[in-house]
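Chemist: This is the structure I want to talk about, given as structure tokens.
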Amino acid sequence: MIQAENNYKNIFYEGPIDPGFIALIIRKHQKQREIGAHSLFLGQVRADKIADQVVAAIEFSSYEHLALKIMSQIREEIIQKFGLSCLHVYHSTGRVAAAEICLFVFAASAHRNAAVNACSETVEEVKNKLPIWGKEWTDCNYFRWKKQNNPTSESGLLMATE
Amino acid sequence: MIQAENNYKNIFYEGPIDPGFIALIIRKHQKQREIGAHSLFLGQVRADKIADQVVAAIEFSSYEHLALKIMSQIREEIIQKFGLSCLHVYHSTGRVAAAEICLFVFAASAHRNAAVNACSETVEEVKNKLPIWGKEWTDCNYFRWKKQNNPTSESGLLMATE
Amino acid sequence: MQIKLLPFGQTKEILPSAINLPEQVKDTNGLSQYLVDTYPQLTRVHFAIAVNEELASSNTTIFENAVVAILPPYSGG
Amino acid sequence: MQIKLLPFGQTKEILPSAINLPEQVKDTNGLSQYLVDTYPQLTRVHFAIAVNEELASSNTTIFENAVVAILPPYSGG
């Protein structure tokens with residue numbers, strides 16, 4: 001696949017994703033008369049307990065260019081597999097506080113099942129295949145590196161040194 | 001279950017559902033720090049072909065009070081089954097043009113799978129169990145009564161008499 | 001017996017909103033038959049019946065002044 | 001051999017951003033071993049390697065001036 005590097009669709013959104021931005025994306029599809037269903041997924045930073053502290057924010061960093069390249073492949077595959085009209089992905093970079101949104105996936109299709117299944121599969125792929133890392137900061141300014149399924153029992157907290 | 005009649009949560013939205021309203025509902029959950037995932041479904045009126053015409057709008061009517069009563073039961077069951085933080089359903093009444101939104105389901109939970117599965121199951125229940133009817137109007141002002149899976153081949157168009 | 005009839009969807013184009021039932025109609029099965037006989041256009045339509053906001057999943061007695069809804073197949077969403 | 005090192009996530013707190021590799025390190029397997037030996041804190045971290053933006057799914061040769069990314073387990077979403 002030959003594709004100019006700067007042709008990859010951007011997915012990164014600085015800071016928390018604003019609900020107004022989500023509305024804007026929805027509104028953009030209000031002219032597409034062949035669409036019958038939109039499935040949206042929003043990931044929100046949860047104030048998980050870590051030992052006696054709670055997660056106050058996650059700081060996201062990424063190997064952005066590689067992430068865009070991989071996302072571009074995932075996007076093409078999923079659009080084709082499910083026959084989507086549209087697929088949009090946005091992931092926060094930088095700091096996102098608890099109760100704010102850090103991931104937004106939007107799939108649109110003529111039919112419900114295609115939209116819903118494509119959205120779920122995209123979320124799965126984003127979590128497993130994109131080089132993105134989350135650093136969980138607690139309310140006491142300790143941190144630990146997020147794991148995809150961090151057990152809340154295991155602390156592993158470190159003091160901030162930076 | 002004893003419940004005052006006017007306690008049923010309203011689900012009806014006059015006309016097409018505005019993306020700004022969807023943003024408002026999302027924003028309302030930005031204080032709930034235990035939420036990790038939102039799953040949203042939006043149903044949009046599709047400009048299906050009927051014979052040589054296309055659907056220009058759907059006019060929705062409902063047995064509203066019975067619909068609210070049934071929805072209230074569905075809502076309680078699904079919140080409990082999936083351990084949701086929130087479940088919201090909005091359905092248009094009146095006329096909704098092609099490419100406009102007529103159904104909005106929102107499920108929020110600590111975890112992704114619960115939110116996604118609850119949202120899908122709610123959409124299914126709304127379509128199957130709520131006394132709501134859609135009258136499909138074509139661009140030539142003919143109509144037919146929508147069926148849950150209207151084959152596009154079968155016309156059954158009638159001339160408007162009202 | 002006088003009942004209040006709430007026809008929905010396409011049945012609203014066929015049925016009136018109040019109806020005086022003959023004495024022999026006492027339940028939802030009887031009502032279905034009576035309506036189909038009286039309004040032949042109804043033959044083409046499947047419909048369920050709700051009496052006083054309860055879906056009649058089996059044959060249900062109808063009393064004077066009941067609110068009886070005629071519900072063709074749902075098509076919301 | 002001089003390479004550009006791009007450590008991400010927690011490896012960014014352990015590794016430098018440029019490194020001069022000894023002659024015997026010629027591929028990603030050799031690099032992994034060299035890094036773990038030189039930066040013992042790395043022992044506790046699983047990581048994958050990408051060479052010039054290609055994930056090294058098997059042992060991959062590294063040339064002078066390569067851009068080598070060190071990728072601990074992803075945790076986006």
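In the structure tokens, chains take letters A, B, ... by order of appearance, with residues numbered from 1 within each chain and ligands from 1 in the order shown.
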What are the closest atom pairs, with distances in Å to one decimal, for all residues of chain B lying within 12 Å of chain D? Consider only C-alpha atoms, order rows by chain and residue number, and present the result as a Markdown table.

Modeler:
| residue | atom | partner | partner_atom | distance |
| --- | --- | --- | --- | --- |
| B:Gly36 | CA | D:Gly77 | CA | 10.0 |
| B:Ala37 | CA | D:Gly77 | CA | 10.0 |
| B:His111 | CA | D:Gly77 | CA | 11.9 |
| B:Arg112 | CA | D:Gly77 | CA | 10.5 |

Chemist: Can I have chain A aligned to chain B? Use a least-squares fit on all Cα atoms paired in order and write it out as a compact mmCIF listing (two decimals) with N, CA and C atoms, in the first residue's frame.

Modeler:
# COMPACT_ATOMS: atom_id res chain seq x y z
N MET A 1 -46.06 -4.00 41.18
CA MET A 1 -45.31 -2.75 41.24
C MET A 1 -46.27 -1.59 41.30
N ILE A 2 -46.27 -0.86 42.39
CA ILE A 2 -47.14 0.31 42.50
C ILE A 2 -46.31 1.54 42.12
N GLN A 3 -46.81 2.26 41.19
CA GLN A 3 -46.07 3.44 40.76
C GLN A 3 -47.08 4.43 40.22
N ALA A 4 -46.99 5.66 40.69
CA ALA A 4 -47.92 6.68 40.21
C ALA A 4 -47.73 6.82 38.70
N GLU A 5 -48.84 6.97 37.98
CA GLU A 5 -48.80 6.98 36.53
C GLU A 5 -47.84 8.04 35.98
N ASN A 6 -47.87 9.20 36.59
CA ASN A 6 -47.06 10.28 36.04
C ASN A 6 -45.60 10.22 36.49
N ASN A 7 -45.23 9.11 37.09
CA ASN A 7 -43.83 8.92 37.48
C ASN A 7 -42.99 8.30 36.37
N TYR A 8 -43.65 7.79 35.34
CA TYR A 8 -42.88 7.18 34.27
C TYR A 8 -42.00 8.24 33.61
N LYS A 9 -40.75 7.86 33.39
CA LYS A 9 -39.81 8.76 32.75
C LYS A 9 -40.22 8.95 31.28
N ASN A 10 -40.28 10.18 30.86
CA ASN A 10 -40.67 10.42 29.46
C ASN A 10 -39.57 9.99 28.50
N ILE A 11 -39.97 9.40 27.37
CA ILE A 11 -38.98 9.04 26.35
C ILE A 11 -39.27 9.76 25.04
N PHE A 12 -40.39 10.47 24.97
CA PHE A 12 -40.79 11.01 23.66
C PHE A 12 -40.22 12.39 23.42
N TYR A 13 -39.80 12.59 22.20
CA TYR A 13 -39.09 13.80 21.77
C TYR A 13 -39.81 14.28 20.52
N GLU A 14 -40.30 15.49 20.54
CA GLU A 14 -41.09 15.99 19.41
C GLU A 14 -40.18 16.27 18.20
N GLY A 15 -40.41 15.56 17.12
CA GLY A 15 -39.63 15.77 15.89
C GLY A 15 -38.27 15.10 15.96
N PRO A 16 -37.37 15.48 15.04
CA PRO A 16 -36.04 14.84 14.99
C PRO A 16 -35.20 15.17 16.23
N ILE A 17 -34.40 14.22 16.66
CA ILE A 17 -33.55 14.40 17.85
C ILE A 17 -32.30 15.18 17.46
N ASP A 18 -32.08 16.30 18.14
CA ASP A 18 -30.99 17.19 17.78
C ASP A 18 -29.66 16.70 18.38
N PRO A 19 -28.58 16.70 17.59
CA PRO A 19 -27.27 16.31 18.12
C PRO A 19 -26.86 17.12 19.36
N GLY A 20 -27.29 18.35 19.45
CA GLY A 20 -27.00 19.17 20.62
C GLY A 20 -27.62 18.59 21.88
N PHE A 21 -28.80 17.98 21.73
CA PHE A 21 -29.45 17.32 22.86
C PHE A 21 -28.65 16.09 23.30
N ILE A 22 -28.11 15.38 22.32
CA ILE A 22 -27.28 14.21 22.62
C ILE A 22 -26.04 14.65 23.40
N ALA A 23 -25.43 15.75 22.96
CA ALA A 23 -24.25 16.29 23.66
C ALA A 23 -24.61 16.66 25.11
N LEU A 24 -25.80 17.22 25.28
CA LEU A 24 -26.26 17.61 26.62
C LEU A 24 -26.35 16.39 27.54
N ILE A 25 -26.91 15.31 27.01
CA ILE A 25 -27.05 14.09 27.81
C ILE A 25 -25.65 13.54 28.15
N ILE A 26 -24.74 13.54 27.18
CA ILE A 26 -23.37 13.06 27.44
C ILE A 26 -22.74 13.93 28.54
N ARG A 27 -22.88 15.23 28.39
CA ARG A 27 -22.25 16.16 29.32
C ARG A 27 -22.75 15.97 30.75
N LYS A 28 -24.03 15.61 30.88
CA LYS A 28 -24.61 15.39 32.21
C LYS A 28 -23.91 14.27 32.98
N HIS A 29 -23.21 13.39 32.26
CA HIS A 29 -22.55 12.26 32.91
C HIS A 29 -21.08 12.52 33.16
N GLN A 30 -20.67 13.76 32.97
CA GLN A 30 -19.25 14.12 33.12
C GLN A 30 -18.90 14.41 34.58
N LYS A 31 -19.84 14.13 35.48
CA LYS A 31 -19.50 14.26 36.89
C LYS A 31 -19.47 12.90 37.57
N GLN A 32 -19.84 11.87 36.82
CA GLN A 32 -19.93 10.54 37.43
C GLN A 32 -18.62 9.79 37.24
N ARG A 33 -17.84 9.81 38.30
CA ARG A 33 -16.47 9.32 38.23
C ARG A 33 -16.36 7.80 38.23
N GLU A 34 -17.49 7.11 38.45
CA GLU A 34 -17.45 5.65 38.44
C GLU A 34 -17.73 5.10 37.04
N ILE A 35 -18.14 5.97 36.11
CA ILE A 35 -18.44 5.52 34.74
C ILE A 35 -17.14 5.38 33.95
N GLY A 36 -17.03 4.26 33.21
CA GLY A 36 -15.86 4.06 32.36
C GLY A 36 -16.20 3.97 30.89
N ALA A 37 -17.49 3.74 30.60
CA ALA A 37 -17.88 3.51 29.20
C ALA A 37 -19.31 3.96 28.95
N HIS A 38 -19.50 4.63 27.82
CA HIS A 38 -20.84 4.96 27.33
C HIS A 38 -21.01 4.27 25.99
N SER A 39 -22.16 3.65 25.81
CA SER A 39 -22.48 3.12 24.49
C SER A 39 -23.75 3.82 24.02
N LEU A 40 -23.68 4.40 22.83
CA LEU A 40 -24.81 5.15 22.29
C LEU A 40 -25.27 4.52 20.99
N PHE A 41 -26.58 4.48 20.81
CA PHE A 41 -27.12 4.07 19.51
C PHE A 41 -28.03 5.18 19.00
N LEU A 42 -27.84 5.53 17.73
CA LEU A 42 -28.70 6.52 17.10
C LEU A 42 -29.36 5.90 15.88
N GLY A 43 -30.68 5.90 15.84
CA GLY A 43 -31.40 5.43 14.65
C GLY A 43 -31.71 6.63 13.78
N GLN A 44 -31.42 6.52 12.51
CA GLN A 44 -31.61 7.64 11.59
C GLN A 44 -32.56 7.19 10.48
N VAL A 45 -33.45 8.08 10.05
CA VAL A 45 -34.40 7.73 8.99
C VAL A 45 -33.64 7.59 7.67
N ARG A 46 -33.79 6.43 7.06
CA ARG A 46 -33.05 6.11 5.84
C ARG A 46 -33.94 6.34 4.63
N ALA A 47 -33.37 6.89 3.58
CA ALA A 47 -34.15 7.15 2.36
C ALA A 47 -34.28 5.88 1.54
N ASP A 48 -34.95 4.88 2.12
CA ASP A 48 -35.14 3.61 1.42
C ASP A 48 -35.93 3.79 0.13
N LYS A 49 -35.61 2.94 -0.83
CA LYS A 49 -36.40 2.93 -2.06
C LYS A 49 -37.69 2.14 -1.84
N ILE A 50 -38.79 2.67 -2.33
CA ILE A 50 -40.04 1.91 -2.40
C ILE A 50 -40.50 2.03 -3.84
N ALA A 51 -40.44 0.92 -4.53
CA ALA A 51 -40.72 0.93 -5.98
C ALA A 51 -39.85 2.02 -6.61
N ASP A 52 -40.43 3.00 -7.29
CA ASP A 52 -39.61 4.04 -7.94
C ASP A 52 -39.56 5.32 -7.12
N GLN A 53 -40.00 5.23 -5.86
CA GLN A 53 -39.97 6.41 -5.00
C GLN A 53 -38.98 6.18 -3.85
N VAL A 54 -38.71 7.22 -3.07
CA VAL A 54 -37.85 7.05 -1.89
C VAL A 54 -38.55 7.62 -0.65
N VAL A 55 -38.20 7.04 0.49
CA VAL A 55 -38.76 7.53 1.75
C VAL A 55 -38.19 8.92 2.04
N ALA A 56 -39.08 9.88 2.19
CA ALA A 56 -38.66 11.27 2.47
C ALA A 56 -38.76 11.56 3.97
N ALA A 57 -39.65 10.86 4.67
CA ALA A 57 -39.85 11.11 6.10
C ALA A 57 -40.63 9.96 6.71
N ILE A 58 -40.50 9.79 8.02
CA ILE A 58 -41.37 8.86 8.74
C ILE A 58 -42.14 9.67 9.78
N GLU A 59 -43.43 9.38 9.85
CA GLU A 59 -44.29 10.06 10.83
C GLU A 59 -44.57 9.05 11.94
N PHE A 60 -44.07 9.35 13.14
CA PHE A 60 -44.22 8.39 14.24
C PHE A 60 -45.40 8.74 15.13
N SER A 61 -46.17 7.71 15.48
CA SER A 61 -47.22 7.89 16.48
C SER A 61 -47.07 6.78 17.51
N SER A 62 -47.69 6.94 18.66
CA SER A 62 -47.47 5.98 19.74
C SER A 62 -48.67 5.94 20.67
N TYR A 63 -48.82 4.82 21.32
CA TYR A 63 -49.74 4.74 22.47
C TYR A 63 -48.86 5.14 23.65
N GLU A 64 -48.72 6.44 23.83
CA GLU A 64 -47.62 6.97 24.64
C GLU A 64 -47.63 6.45 26.07
N HIS A 65 -48.80 6.45 26.70
CA HIS A 65 -48.80 6.08 28.11
C HIS A 65 -48.41 4.63 28.31
N LEU A 66 -48.92 3.76 27.43
CA LEU A 66 -48.54 2.34 27.53
C LEU A 66 -47.05 2.16 27.20
N ALA A 67 -46.57 2.92 26.24
CA ALA A 67 -45.15 2.84 25.87
C ALA A 67 -44.26 3.21 27.06
N LEU A 68 -44.64 4.27 27.78
CA LEU A 68 -43.83 4.71 28.92
C LEU A 68 -43.84 3.65 30.02
N LYS A 69 -45.00 3.04 30.21
CA LYS A 69 -45.14 2.00 31.24
C LYS A 69 -44.26 0.79 30.90
N ILE A 70 -44.32 0.36 29.64
CA ILE A 70 -43.51 -0.79 29.21
C ILE A 70 -42.02 -0.44 29.26
N MET A 71 -41.69 0.76 28.79
CA MET A 71 -40.29 1.19 28.78
C MET A 71 -39.73 1.24 30.20
N SER A 72 -40.57 1.66 31.14
CA SER A 72 -40.13 1.74 32.52
C SER A 72 -39.73 0.36 33.06
N GLN A 73 -40.50 -0.66 32.67
CA GLN A 73 -40.16 -2.03 33.09
C GLN A 73 -38.87 -2.51 32.41
N ILE A 74 -38.78 -2.26 31.10
CA ILE A 74 -37.58 -2.67 30.35
C ILE A 74 -36.34 -2.02 30.98
N ARG A 75 -36.47 -0.74 31.27
CA ARG A 75 -35.36 0.04 31.80
C ARG A 75 -34.85 -0.56 33.13
N GLU A 76 -35.80 -0.82 34.03
CA GLU A 76 -35.41 -1.40 35.32
C GLU A 76 -34.71 -2.74 35.15
N GLU A 77 -35.26 -3.59 34.28
CA GLU A 77 -34.67 -4.91 34.06
C GLU A 77 -33.26 -4.80 33.52
N ILE A 78 -33.07 -3.93 32.54
CA ILE A 78 -31.75 -3.85 31.89
C ILE A 78 -30.72 -3.20 32.80
N ILE A 79 -31.12 -2.17 33.54
CA ILE A 79 -30.19 -1.54 34.48
C ILE A 79 -29.68 -2.58 35.49
N GLN A 80 -30.62 -3.39 35.98
CA GLN A 80 -30.26 -4.40 36.98
C GLN A 80 -29.40 -5.52 36.37
N LYS A 81 -29.84 -6.01 35.20
CA LYS A 81 -29.14 -7.13 34.54
C LYS A 81 -27.69 -6.79 34.25
N PHE A 82 -27.43 -5.56 33.79
CA PHE A 82 -26.08 -5.20 33.37
C PHE A 82 -25.34 -4.34 34.40
N GLY A 83 -25.99 -4.01 35.51
CA GLY A 83 -25.34 -3.17 36.51
C GLY A 83 -24.95 -1.81 35.97
N LEU A 84 -25.90 -1.16 35.28
CA LEU A 84 -25.60 0.13 34.64
C LEU A 84 -25.61 1.27 35.65
N SER A 85 -24.87 2.31 35.31
CA SER A 85 -24.99 3.57 36.03
C SER A 85 -26.19 4.36 35.53
N CYS A 86 -26.43 4.31 34.22
CA CYS A 86 -27.51 5.09 33.61
C CYS A 86 -28.00 4.41 32.34
N LEU A 87 -29.28 4.62 32.06
CA LEU A 87 -29.84 4.18 30.78
C LEU A 87 -30.89 5.21 30.36
N HIS A 88 -30.69 5.80 29.20
CA HIS A 88 -31.64 6.79 28.68
C HIS A 88 -32.11 6.38 27.30
N VAL A 89 -33.41 6.59 27.06
CA VAL A 89 -33.99 6.28 25.75
C VAL A 89 -34.82 7.48 25.31
N TYR A 90 -34.65 7.90 24.08
CA TYR A 90 -35.50 8.94 23.49
C TYR A 90 -35.95 8.50 22.11
N HIS A 91 -37.26 8.63 21.87
CA HIS A 91 -37.83 8.27 20.56
C HIS A 91 -38.64 9.45 20.05
N SER A 92 -38.46 9.74 18.78
CA SER A 92 -39.22 10.84 18.18
C SER A 92 -40.70 10.52 18.07
N THR A 93 -41.52 11.56 18.17
CA THR A 93 -42.91 11.48 17.72
C THR A 93 -43.06 12.52 16.63
N GLY A 94 -44.08 12.33 15.80
CA GLY A 94 -44.29 13.26 14.70
C GLY A 94 -43.34 12.96 13.55
N ARG A 95 -43.15 13.96 12.72
CA ARG A 95 -42.46 13.76 11.45
C ARG A 95 -40.94 13.90 11.59
N VAL A 96 -40.21 12.93 11.06
CA VAL A 96 -38.75 12.97 11.04
C VAL A 96 -38.30 12.71 9.61
N ALA A 97 -37.58 13.66 9.04
CA ALA A 97 -37.17 13.55 7.63
C ALA A 97 -36.00 12.58 7.47
N ALA A 98 -35.79 12.09 6.26
CA ALA A 98 -34.63 11.24 5.95
C ALA A 98 -33.36 11.96 6.39
N ALA A 99 -32.42 11.19 6.94
CA ALA A 99 -31.12 11.67 7.44
C ALA A 99 -31.22 12.38 8.79
N GLU A 100 -32.42 12.39 9.38
CA GLU A 100 -32.56 12.91 10.74
C GLU A 100 -32.68 11.75 11.73
N ILE A 101 -32.42 12.05 13.00
CA ILE A 101 -32.36 11.01 14.02
C ILE A 101 -33.70 10.84 14.72
N CYS A 102 -34.16 9.58 14.84
CA CYS A 102 -35.47 9.31 15.45
C CYS A 102 -35.37 8.46 16.72
N LEU A 103 -34.20 7.90 17.00
CA LEU A 103 -34.04 7.07 18.20
C LEU A 103 -32.66 7.30 18.79
N PHE A 104 -32.62 7.44 20.11
CA PHE A 104 -31.34 7.68 20.81
C PHE A 104 -31.35 6.85 22.09
N VAL A 105 -30.44 5.90 22.15
CA VAL A 105 -30.29 5.07 23.36
C VAL A 105 -28.90 5.30 23.93
N PHE A 106 -28.83 5.47 25.24
CA PHE A 106 -27.57 5.82 25.91
C PHE A 106 -27.42 4.93 27.14
N ALA A 107 -26.37 4.12 27.19
CA ALA A 107 -26.11 3.26 28.35
C ALA A 107 -24.73 3.57 28.90
N ALA A 108 -24.64 3.75 30.21
CA ALA A 108 -23.36 4.07 30.84
C ALA A 108 -23.09 3.08 31.95
N SER A 109 -21.83 2.65 32.03
CA SER A 109 -21.45 1.65 33.02
C SER A 109 -19.98 1.80 33.38
N ALA A 110 -19.58 1.13 34.44
CA ALA A 110 -18.15 1.13 34.77
C ALA A 110 -17.35 0.47 33.65
N HIS A 111 -17.94 -0.57 33.04
CA HIS A 111 -17.16 -1.35 32.08
C HIS A 111 -17.81 -1.41 30.71
N ARG A 112 -16.95 -1.57 29.73
CA ARG A 112 -17.34 -1.51 28.33
C ARG A 112 -18.41 -2.52 27.95
N ASN A 113 -18.18 -3.81 28.26
CA ASN A 113 -19.12 -4.84 27.78
C ASN A 113 -20.53 -4.61 28.29
N ALA A 114 -20.65 -4.23 29.54
CA ALA A 114 -21.97 -3.99 30.11
C ALA A 114 -22.67 -2.87 29.36
N ALA A 115 -21.97 -1.78 29.10
CA ALA A 115 -22.58 -0.64 28.40
C ALA A 115 -23.00 -1.04 26.99
N VAL A 116 -22.10 -1.72 26.28
CA VAL A 116 -22.36 -2.07 24.88
C VAL A 116 -23.51 -3.07 24.76
N ASN A 117 -23.49 -4.11 25.59
CA ASN A 117 -24.55 -5.12 25.51
C ASN A 117 -25.90 -4.56 25.97
N ALA A 118 -25.87 -3.74 27.00
CA ALA A 118 -27.12 -3.15 27.48
C ALA A 118 -27.72 -2.25 26.41
N CYS A 119 -26.90 -1.48 25.73
CA CYS A 119 -27.39 -0.58 24.69
C CYS A 119 -28.04 -1.38 23.57
N SER A 120 -27.37 -2.43 23.11
CA SER A 120 -27.93 -3.26 22.03
C SER A 120 -29.24 -3.90 22.44
N GLU A 121 -29.28 -4.44 23.65
CA GLU A 121 -30.49 -5.10 24.10
C GLU A 121 -31.64 -4.11 24.24
N THR A 122 -31.33 -2.90 24.68
CA THR A 122 -32.38 -1.88 24.81
C THR A 122 -32.96 -1.51 23.44
N VAL A 123 -32.08 -1.35 22.46
CA VAL A 123 -32.56 -1.02 21.10
C VAL A 123 -33.51 -2.12 20.61
N GLU A 124 -33.11 -3.36 20.83
CA GLU A 124 -33.93 -4.51 20.44
C GLU A 124 -35.30 -4.46 21.12
N GLU A 125 -35.31 -4.20 22.41
CA GLU A 125 -36.56 -4.14 23.18
C GLU A 125 -37.43 -2.98 22.71
N VAL A 126 -36.82 -1.83 22.47
CA VAL A 126 -37.58 -0.66 22.01
C VAL A 126 -38.29 -0.99 20.70
N LYS A 127 -37.57 -1.63 19.79
CA LYS A 127 -38.15 -1.96 18.48
C LYS A 127 -39.26 -3.01 18.58
N ASN A 128 -39.09 -3.96 19.51
CA ASN A 128 -40.03 -5.08 19.57
C ASN A 128 -41.19 -4.87 20.52
N LYS A 129 -40.99 -4.09 21.57
CA LYS A 129 -41.99 -4.07 22.65
C LYS A 129 -42.73 -2.75 22.84
N LEU A 130 -42.23 -1.66 22.25
CA LEU A 130 -42.93 -0.39 22.48
C LEU A 130 -43.99 -0.15 21.41
N PRO A 131 -45.22 0.21 21.85
CA PRO A 131 -46.30 0.49 20.90
C PRO A 131 -46.08 1.82 20.19
N ILE A 132 -45.23 1.76 19.16
CA ILE A 132 -44.89 2.93 18.34
C ILE A 132 -45.05 2.51 16.88
N TRP A 133 -45.59 3.41 16.09
CA TRP A 133 -45.81 3.09 14.67
C TRP A 133 -45.22 4.17 13.79
N GLY A 134 -44.64 3.72 12.68
CA GLY A 134 -44.05 4.65 11.72
C GLY A 134 -44.80 4.60 10.41
N LYS A 135 -45.14 5.76 9.90
CA LYS A 135 -45.80 5.86 8.60
C LYS A 135 -44.79 6.47 7.66
N GLU A 136 -44.36 5.68 6.66
CA GLU A 136 -43.32 6.14 5.74
C GLU A 136 -43.94 6.97 4.62
N TRP A 137 -43.51 8.20 4.49
CA TRP A 137 -43.97 9.08 3.41
C TRP A 137 -42.90 9.16 2.34
N THR A 138 -43.31 9.01 1.09
CA THR A 138 -42.32 9.10 0.02
C THR A 138 -42.20 10.54 -0.48
N ASP A 139 -41.20 10.73 -1.33
CA ASP A 139 -40.99 12.05 -1.94
C ASP A 139 -42.18 12.46 -2.83
N CYS A 140 -43.03 11.49 -3.22
CA CYS A 140 -44.19 11.82 -4.06
C CYS A 140 -45.46 11.91 -3.23
N ASN A 141 -45.28 11.93 -1.89
CA ASN A 141 -46.40 12.08 -0.96
C ASN A 141 -47.34 10.87 -0.92
N TYR A 142 -46.80 9.72 -1.27
CA TYR A 142 -47.51 8.47 -1.00
C TYR A 142 -47.04 7.99 0.37
N PHE A 143 -47.73 7.01 0.94
CA PHE A 143 -47.27 6.47 2.21
C PHE A 143 -47.46 4.96 2.28
N ARG A 144 -46.73 4.34 3.20
CA ARG A 144 -47.06 2.99 3.61
C ARG A 144 -46.71 2.87 5.09
N TRP A 145 -47.35 1.94 5.76
CA TRP A 145 -47.04 1.73 7.16
C TRP A 145 -45.77 0.91 7.26
N LYS A 146 -44.81 1.44 7.99
CA LYS A 146 -43.52 0.79 8.19
C LYS A 146 -43.71 -0.56 8.87
N LYS A 147 -42.94 -1.55 8.39
CA LYS A 147 -42.85 -2.81 9.14
C LYS A 147 -41.44 -2.91 9.68
N GLN A 148 -41.25 -3.74 10.71
CA GLN A 148 -39.94 -3.76 11.35
C GLN A 148 -38.84 -4.13 10.36
N ASN A 149 -39.12 -5.02 9.43
CA ASN A 149 -38.15 -5.29 8.38
C ASN A 149 -38.81 -5.22 7.02
N ASN A 150 -39.16 -4.00 6.64
CA ASN A 150 -39.86 -3.78 5.37
C ASN A 150 -38.98 -4.21 4.20
N PRO A 151 -39.43 -5.21 3.43
CA PRO A 151 -38.67 -5.52 2.22
C PRO A 151 -38.79 -4.35 1.25
N THR A 152 -37.67 -3.92 0.69
CA THR A 152 -37.72 -2.74 -0.18
C THR A 152 -38.40 -3.07 -1.51
N SER A 153 -38.52 -4.37 -1.83
CA SER A 153 -39.14 -4.74 -3.10
C SER A 153 -40.66 -4.55 -3.05
N GLU A 154 -41.25 -4.93 -1.94
CA GLU A 154 -42.70 -4.85 -1.79
C GLU A 154 -43.11 -3.38 -1.65
N SER A 155 -43.96 -2.94 -2.53
CA SER A 155 -44.34 -1.53 -2.49
C SER A 155 -45.47 -1.27 -1.49
N GLY A 156 -46.68 -1.69 -1.83
CA GLY A 156 -47.82 -1.47 -0.93
C GLY A 156 -48.12 0.00 -0.69
N LEU A 157 -47.68 0.85 -1.60
CA LEU A 157 -47.89 2.29 -1.42
C LEU A 157 -49.36 2.67 -1.57
N LEU A 158 -49.77 3.64 -0.80
CA LEU A 158 -51.14 4.14 -0.87
C LEU A 158 -51.10 5.64 -1.12
N MET A 159 -52.15 6.12 -1.74
CA MET A 159 -52.24 7.57 -1.95
C MET A 159 -52.65 8.24 -0.65
N ALA A 160 -52.09 9.40 -0.40
CA ALA A 160 -52.48 10.15 0.79
C ALA A 160 -53.92 10.62 0.65
N THR A 161 -54.71 10.37 1.68
CA THR A 161 -56.10 10.83 1.63
C THR A 161 -56.37 11.82 2.75
N GLU A 162 -55.43 11.94 3.67
CA GLU A 162 -55.68 12.85 4.78
C GLU A 162 -54.95 14.18 4.57

Chemist: List as a PyMOL selection string the protein and nucleic acid residues near Ile49 (chain C), meaning an atom at most 6 Å away when only C-alpha atoms are counted, but skip any in the same chain fewer than 5 places from it.

Modeler: chain C and resi 56+69-71

Chemist: Show which residues sit within 10 Å of Ile3 (chain C), as a list in words. Count only C-alpha atoms, and ignore same-chain residues fewer than 3 positions away.

Modeler: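 So the residues in contact are Leu6, Ser17, Ala18, Ile19, Asn20, Leu21, Ile62, Phe63, Glu64, Asn65, Ala66, Val67 and Val68 of chain C.
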
Chemist: Per DSSP on the backbone, filter region 3-73 of chain C down to the residues in strand (DSSP E) and report them as a PyMOL selection string.

Modeler: chain C and resi 3-7+18-20+48-51+54-55+67-71

Chemist: So how many Å separate CA of Pro16 (chain C) and CA of Lys4 (chain C), to one decimal?

Modeler: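 Distance between the two atoms: 9.4 Å.
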
Chemist: As a PyMOL selection string, list the residues of chain A assigned to helix (DSSP H, G or I) by DSSP on the backbone atoms of this structure.

Modeler: chain A and resi 5-7+19-28+64-82+112-129
